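All remarks here apply to the structure that follows.
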Amino acid sequence: MKKANIIIKTSLLLFFVMILSGCAGSVFKCGEATPNECNSQCWSDCGANKVFKCDSSGGTCIADASNCPVATPNSCNGECWAGCTDNRVFQCDPTQGGTCVIDSSNCPANTPNSCNDQCWSKCGLDEKFVCDASLGGTCKKK
């Protein structure tokens with residue numbers, strides 16, 4: 001019994017020495033080549049115009065919208081996308097990415113409705129404009 005108490009005391013003493021010396025609670029640090037830490041793993045540096053993002057599935061580099069180049073000023077799904085021409089606005093789709101579509105505020109007065117990247121005719125007073133992905137723009141009775 002006396003020998004068991006000595007072993008227990010020695011074990012506890014060694015445990016506390018390890019904790020105080022930092023062996024049991026060391027800080028995780030990444031190196032220069034892989035400076036980004038995520039989920040206790042080191043990840044490589046992101047290229048120009050990208051920022052590091054960490055989530056439960058790991059680390060990734062995504063477009064930094066504030067640093068997208070002039071030729072590709074729009075950010076969508078972690079990438080920089082080209083600017084839009086006149087009468088078009090940038091639209092981000094989570095599955096398809098970035099695209100430029102007709103800006104309905106720039107449609108002519110006789111075709112004020114925007115649908116499927118086209119301007120469509122005005123509807124009658126007792127009709128409302130409906131946009132269908134496959135059929136396009138139509139006027140339906142209210």
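Each chain of the structure tokens is named A, B, ... in the order shown, its residues numbered from 1; ligands are numbered from 1 in display order.
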
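Inside segment 31-120 of chain A, the residues DSSP reads as helix (DSSP H, G or I) when given the backbone are Ala65, Ser66, Asn67, Ser104, Ser105 and Asn106 of chain A.
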
Requested write-out: N, CA and C atoms of the selected residues, as a CSV table (one decimal), in the first residue's frame:
```csv
chain,number,residue,atom,x,y,z
A,65,ALA,N,-13.5,41.0,-51.9
A,65,ALA,CA,-14.3,41.9,-52.7
A,65,ALA,C,-13.7,43.3,-52.7
A,66,SER,N,-13.0,43.7,-51.6
A,66,SER,CA,-12.5,45.0,-51.5
A,66,SER,C,-11.2,45.1,-52.3
A,67,ASN,N,-10.6,44.0,-52.7
A,67,ASN,CA,-9.4,44.0,-53.5
A,67,ASN,C,-9.4,43.4,-54.8
A,104,SER,N,-33.5,46.5,-64.9
A,104,SER,CA,-34.9,46.8,-65.2
A,104,SER,C,-35.1,48.3,-65.2
A,105,SER,N,-34.3,49.0,-64.3
A,105,SER,CA,-34.5,50.5,-64.3
A,105,SER,C,-34.0,51.2,-65.5
A,106,ASN,N,-33.3,50.4,-66.4
A,106,ASN,CA,-32.8,51.0,-67.7
A,106,ASN,C,-33.6,50.5,-68.9
```

May I have all residues of chain A that DSSP, computed from the backbone, assigns to strand (DSSP E or B), given as number ranges by chain? A: 36-38, 41-43, 50-55, 58-63, 74-76, 79-81, 88-93, 97-102, 113-115, 118-120, 127-132, 136-141

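Within 10 Å of Ala33 of chain A, once only C-alpha atoms are used and residues closer than 3 positions along the same chain are dropped, the contacting residues are A:Cys30, A:Asn36, A:Cys42, A:Trp43, A:Ser44, A:Asp45.
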
Nearest to Ser75 of chain A by atom-to-atom distance, counting only C-alpha atoms, from A:Asn39, A:Thr111, A:Ser121, A:Asn49: A:Asn49

Name the residues in contact with Ile62 of chain A at a cut-off of 12 Å, using only C-alpha atoms, excluding same-chain residues fewer than 4 positions from it; report them as a PyMOL selection string. chain A and resi 45-54+66-68+75-80

Written selection (C-alpha atoms) as an mmCIF file, in the first residue's frame:
```
data_model
loop_
_atom_site.group_PDB
_atom_site.id
_atom_site.type_symbol
_atom_site.label_atom_id
_atom_site.label_comp_id
_atom_site.auth_asym_id
_atom_site.auth_seq_id
_atom_site.Cartn_x
_atom_site.Cartn_y
_atom_site.Cartn_z
ATOM 1 C CA ASP A 45 -0.931 31.547 -47.937
ATOM 2 C CA CYS A 46 -3.628 32.968 -50.217
ATOM 3 C CA GLY A 47 -2.642 34.637 -53.479
ATOM 4 C CA ALA A 48 -3.257 38.226 -54.475
ATOM 5 C CA ASN A 49 -6.802 39.533 -53.976
ATOM 6 C CA LYS A 50 -7.744 36.545 -51.788
ATOM 7 C CA VAL A 51 -8.403 36.197 -48.062
ATOM 8 C CA PHE A 52 -8.207 33.092 -45.879
ATOM 9 C CA LYS A 53 -11.466 31.725 -44.489
ATOM 10 C CA CYS A 54 -11.745 28.964 -41.888
ATOM 11 C CA SER A 66 -12.470 45.038 -51.514
ATOM 12 C CA ASN A 67 -9.351 44.022 -53.463
ATOM 13 C CA CYS A 68 -10.759 42.669 -56.735
ATOM 14 C CA SER A 75 -17.043 39.247 -55.967
ATOM 15 C CA CYS A 76 -19.194 36.089 -56.042
ATOM 16 C CA ASN A 77 -18.666 32.598 -54.606
ATOM 17 C CA GLY A 78 -15.099 33.351 -53.624
ATOM 18 C CA GLU A 79 -13.994 34.633 -57.041
ATOM 19 C CA CYS A 80 -13.643 38.031 -58.722
#
```

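Each of A:Ala82, A:Thr95, A:Gln41, A:Phe90 was checked against Gly58 of chain A using only C-alpha atoms; the smallest atom-to-atom distance is that of A:Gln41.
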
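The space separating atom CA of Asn74 of chain A from atom CA of Asp117 of chain A comes to 18.4 Å.
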
So that I can see what lies close to Lys142 of chain A, please list as a PDB file with C-alpha atoms, in the first residue's frame the residues with an atom at most 8 Å from it, counting only C-alpha atoms and leaving out residues fewer than 5 positions away in the same chain.
```pdb
ATOM      1  CA  ASP A 126     -56.038  44.705 -65.051  1.00  0.00           C
ATOM      2  CA  GLU A 127     -52.894  42.575 -65.538  1.00  0.00           C
ATOM      3  CA  LYS A 128     -49.706  41.933 -63.609  1.00  0.00           C
TER       4      LYS A 128
END
```

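Atom CA of Val130 of chain A is found 23.0 Å from atom CA of Gln96 of chain A.
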
Hey, what's within 9 Å of Asn116 of chain A if we count only C-alpha atoms and toss same-chain stuff fewer than 5 positions away? As an mmCIF file with C-alpha atoms, in the first residue's frame, please?
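Generated output (part-v6.cif):
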```cif
data_model
loop_
_atom_site.group_PDB
_atom_site.id
_atom_site.type_symbol
_atom_site.label_atom_id
_atom_site.label_comp_id
_atom_site.auth_asym_id
_atom_site.auth_seq_id
_atom_site.Cartn_x
_atom_site.Cartn_y
_atom_site.Cartn_z
ATOM 1 C CA VAL A 101 -28.266 40.893 -66.262
ATOM 2 C CA ILE A 102 -30.488 43.647 -67.651
ATOM 3 C CA CYS A 131 -41.533 36.281 -64.971
ATOM 4 C CA ASP A 132 -41.176 32.568 -65.716
ATOM 5 C CA ALA A 133 -37.684 31.052 -66.013
ATOM 6 C CA SER A 134 -38.622 28.909 -69.050
ATOM 7 C CA GLY A 136 -40.101 34.431 -70.110
ATOM 8 C CA GLY A 137 -42.236 37.460 -69.282
#
```

With only C-alpha atoms as the atoms that count, which of A:Val89, A:Leu125, A:Cys139, A:Cys100 lies nearest to Asn113 of chain A? A:Cys139

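Between atom CA of Pro69 of chain A and atom CA of Cys84 of chain A there is a distance of 13.8 Å.
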